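Peer 1: I am attaching a structure below and will ask some questions about it afterwards.
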Amino acid sequence: KISEIYDHIAFAGAGKYSEFENLRKAGIRHADMKGYLYSREDVTTKSLANAYSQSMGTIFSQEIKPLEVEILVVGLGEHDTNEMYRISFDGSIFDERLVAVIGGRSEAIMTHLKQHIDGRRPLAAALKEGLEALESVGHQGLLLQNMEIAVLDRRRPGRKFKRLSQAELIELSG
């Protein structure tokens with residue numbers, strides 16, 4: 001599941017829906033409160049990822065049952081920099097570069113992607129390679145238009161998060 005946390009920060013979660021949905025809502029509250037009390041510029045991807053990591057780590061070490069989720073926090077930084085943080089169920093945080101995968105068969109999908117991706121790609125090419133990676137693990141044909149896909153687009157005024165429509169996905173897969 002993919003959603004917007006703040007105008008330049010996206011959130012994705014895999015695992016038990018109710019748990020990552022609670023994390024998503026807590027992240028939105030955290031970002032809104034920090035932006036309101038201080039400044040919009042103080043809401044950073046790294047600070048949000050660290051807050052998630054601390055919360056999930058505390059639950060892992062102090063509660064009877066850890067969360068059954070893995071999350072990804074992605075943000076647009078200054079100029080042309082991007083940040084991707086993958087946070088596992090135990091609160092471990094990983095600073096990812098270029099690609100990140102969460103959920104199910106993530107290791108196999110990541111291996112496939114690292115073998116085929118060596119730099120930035122246009123959106124259509126990146127989506128095609130991501131779809132091929134999913135198909136290589138699942139051994140079944142998938143349609144891009146049946147997937148939930150969102151982007152952070154630096155060129156958009158205001159909010160940078162955009163969920164791609166079925167029509168846009170069909171055009172991109174063309």
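Here's how to read the names in the structure tokens: chain A, B, ... by the order shown, residue numbers from 1 in each chain, ligand numbers from 1 in the order shown.
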Mind checking DSSP for chain A and telling me the strand (DSSP E or B) residues as a PyMOL selection string?
Peer 2: chain A and resi 2-6+9-15+69-76+82-87+93-96+150-152+161-163
Peer 1: Could you give me the residues within range 92-130 of chain A that DSSP places in helix (DSSP H, G or I), as a PyMOL selection string?
Peer 2: chain A and resi 106-116+123-130
Peer 1: Taking 5 positions as the minimum chain separation for residues in the same chain, which residues sit within 12 Å of Glu135 in chain A when counting only C-alpha atoms? Answer as a ChimeraX atom specification.
Peer 2: /A:105,108-109,112-113,128-130,140-144
Peer 1: Between A:Ala14, A:Ala100, A:Met56, A:Leu172, which is the closest to Glu83 in chain A once you count only C-alpha atoms?
Peer 2: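 Looking at the shortest contact to Glu83 in chain A, the residue is A:Ala100.
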Peer 1: Choose the residue, out of A:Asn22, A:Thr81, A:Gln62, A:Gln54, that has the smallest atom-to-atom separation from Arg154 in chain A; count only C-alpha atoms.
Peer 2: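 Nearest to Arg154 in chain A: A:Thr81.
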Peer 1: For Asp32 in chain A, please output as a short mmCIF file (atom, residue, chain, number, x, y, z; two decimals) with N, CA and C atoms, in the first residue's frame all residues within 12 Å (counting only C-alpha atoms; exclusion window: fewer than 3 positions along the same chain).
Peer 2:
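Wrote out-v2.cif, looks like this:
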```
data_model
loop_
_atom_site.label_atom_id
_atom_site.label_comp_id
_atom_site.auth_asym_id
_atom_site.auth_seq_id
_atom_site.Cartn_x
_atom_site.Cartn_y
_atom_site.Cartn_z
N GLU A 4 0.75 9.18 0.70
CA GLU A 4 1.53 10.38 0.96
C GLU A 4 1.55 10.64 2.47
N ILE A 5 2.72 10.98 2.97
CA ILE A 5 2.84 11.36 4.37
C ILE A 5 2.87 12.88 4.49
N TYR A 6 3.64 13.50 3.62
CA TYR A 6 3.77 14.96 3.60
C TYR A 6 3.94 15.36 2.15
N ASP A 7 3.99 16.63 1.83
CA ASP A 7 3.98 17.03 0.43
C ASP A 7 5.14 16.50 -0.41
N ILE A 9 7.03 13.57 0.83
CA ILE A 9 7.41 12.30 1.44
C ILE A 9 6.30 11.28 1.21
N LYS A 25 -0.72 6.60 9.70
CA LYS A 25 -1.45 7.70 10.35
C LYS A 25 -0.58 8.41 11.38
N ALA A 26 0.19 7.66 12.14
CA ALA A 26 1.10 8.27 13.13
C ALA A 26 2.15 9.12 12.43
N GLY A 27 2.63 8.68 11.28
CA GLY A 27 3.60 9.46 10.52
C GLY A 27 3.02 10.76 10.00
N ILE A 28 1.78 10.71 9.55
CA ILE A 28 1.11 11.92 9.08
C ILE A 28 0.96 12.92 10.23
N ARG A 29 0.51 12.43 11.39
CA ARG A 29 0.37 13.30 12.56
C ARG A 29 1.72 13.90 12.97
N GLY A 35 5.71 20.20 11.23
CA GLY A 35 5.61 21.29 10.27
C GLY A 35 4.88 22.49 10.83
N TYR A 36 3.88 22.23 11.65
CA TYR A 36 3.08 23.31 12.25
C TYR A 36 3.86 24.01 13.37
N LEU A 37 4.49 23.23 14.26
CA LEU A 37 5.20 23.80 15.40
C LEU A 37 6.49 24.49 15.00
N TYR A 38 7.18 23.96 14.02
CA TYR A 38 8.48 24.51 13.63
C TYR A 38 8.38 25.12 12.24
N SER A 39 8.73 24.35 11.25
CA SER A 39 8.70 24.84 9.87
C SER A 39 8.51 23.65 8.94
N ARG A 40 7.93 23.89 7.78
CA ARG A 40 7.75 22.82 6.80
C ARG A 40 9.08 22.19 6.42
N GLU A 41 10.15 23.00 6.39
CA GLU A 41 11.47 22.50 6.03
C GLU A 41 12.04 21.55 7.09
N ASP A 42 11.50 21.60 8.30
CA ASP A 42 11.98 20.72 9.37
C ASP A 42 11.42 19.31 9.25
N VAL A 43 10.43 19.12 8.40
CA VAL A 43 9.87 17.78 8.18
C VAL A 43 10.73 17.10 7.12
N THR A 44 11.63 16.23 7.58
CA THR A 44 12.55 15.55 6.65
C THR A 44 12.26 14.06 6.60
N LEU A 48 11.64 11.43 9.90
CA LEU A 48 10.45 10.59 9.94
C LEU A 48 10.82 9.11 9.98
#
```
Peer 1: Here is a test: counting only C-alpha atoms, which residue of A:His8, A:Ala49, A:Ser88, A:Arg97 is nearest to Arg156 in chain A?
Peer 2: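 The shortest atom-to-atom distance to Arg156 in chain A comes from A:His8.
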Peer 1: Which of these, A:Ser173, A:Ser165, A:Val101, A:Phe89, has the shortest distance to Leu123 in chain A once you count only C-alpha atoms?
Peer 2: A:Ser173
Peer 1: So which residues touch Asp90 in chain A within 8 Å, counting only C-alpha atoms, skipping near sequence neighbours fewer than 5 positions away, as a ChimeraX atom specification?
Peer 2: /A:56-57,59-61,66-67
Peer 1: Would you list the contacts of Gly103 in chain A as a list of chain:residue names, taking every protein, DNA or RNA residue within 9 Å and counting only C-alpha atoms, but skipping same-chain residues closer than 5 positions in sequence?
Peer 2: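 Near neighbours after the sequence-gap exclusion: A:Gly13, A:Ala14, A:Gly15, A:Val69, A:Glu70, A:Ile71.
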Peer 1: Looking at only C-alpha atoms, which of A:Met33, A:Met84, A:Ile117, A:Leu164 is the one that sits closest to Lys46 in chain A?
Peer 2: A:Met84
Peer 1: So which one's closest to Leu76 in chain A, A:His139, A:Thr45, A:Pro157, A:Tyr52? Using only C-alpha atoms, please.
Peer 2: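 For Leu76 in chain A, the nearest of the given residues is A:Thr45.
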Peer 1: Give me the residues within 8 Å of Gln145 in chain A as a list in words, counting only C-alpha atoms and dropping any in the same chain fewer than 2 places off.
Peer 2: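 So, after excluding close chain neighbours, the residues are Leu143, Met147, Glu148, Gln166, Ala167, Leu169 and Ile170 of chain A.
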Peer 1: Those residues you just picked out, can you put them in a file as a PDB file, in the first residue's frame with N, CA, C and O atoms?
Peer 2:
```
ATOM      1  N   LEU A 143      -0.149  -7.291 -15.154  1.00  0.00           N
ATOM      2  CA  LEU A 143      -0.463  -6.099 -15.931  1.00  0.00           C
ATOM      3  C   LEU A 143      -0.183  -4.869 -15.080  1.00  0.00           C
ATOM      4  O   LEU A 143      -0.625  -4.785 -13.929  1.00  0.00           O
ATOM      5  N   MET A 147      -1.886  -2.547 -10.951  1.00  0.00           N
ATOM      6  CA  MET A 147      -1.047  -2.305  -9.789  1.00  0.00           C
ATOM      7  C   MET A 147      -1.298  -0.913  -9.213  1.00  0.00           C
ATOM      8  O   MET A 147      -1.777  -0.020  -9.904  1.00  0.00           O
ATOM      9  N   GLU A 148      -0.950  -0.763  -7.958  1.00  0.00           N
ATOM     10  CA  GLU A 148      -1.017   0.542  -7.307  1.00  0.00           C
ATOM     11  C   GLU A 148       0.367   1.172  -7.429  1.00  0.00           C
ATOM     12  O   GLU A 148       1.341   0.659  -6.891  1.00  0.00           O
ATOM     13  N   GLN A 166      -5.145   4.426 -14.004  1.00  0.00           N
ATOM     14  CA  GLN A 166      -5.095   3.283 -14.934  1.00  0.00           C
ATOM     15  C   GLN A 166      -4.748   3.747 -16.338  1.00  0.00           C
ATOM     16  O   GLN A 166      -3.966   3.106 -17.023  1.00  0.00           O
ATOM     17  N   ALA A 167      -5.322   4.854 -16.768  1.00  0.00           N
ATOM     18  CA  ALA A 167      -5.045   5.370 -18.114  1.00  0.00           C
ATOM     19  C   ALA A 167      -3.563   5.727 -18.266  1.00  0.00           C
ATOM     20  O   ALA A 167      -2.957   5.420 -19.299  1.00  0.00           O
ATOM     21  N   LEU A 169      -1.099   4.410 -16.578  1.00  0.00           N
ATOM     22  CA  LEU A 169      -0.337   3.168 -16.558  1.00  0.00           C
ATOM     23  C   LEU A 169      -0.415   2.451 -17.905  1.00  0.00           C
ATOM     24  O   LEU A 169       0.569   1.878 -18.376  1.00  0.00           O
ATOM     25  N   ILE A 170      -1.589   2.469 -18.520  1.00  0.00           N
ATOM     26  CA  ILE A 170      -1.738   1.856 -19.844  1.00  0.00           C
ATOM     27  C   ILE A 170      -0.852   2.588 -20.852  1.00  0.00           C
ATOM     28  O   ILE A 170      -0.155   1.959 -21.657  1.00  0.00           O
TER      29      ILE A 170
END
```
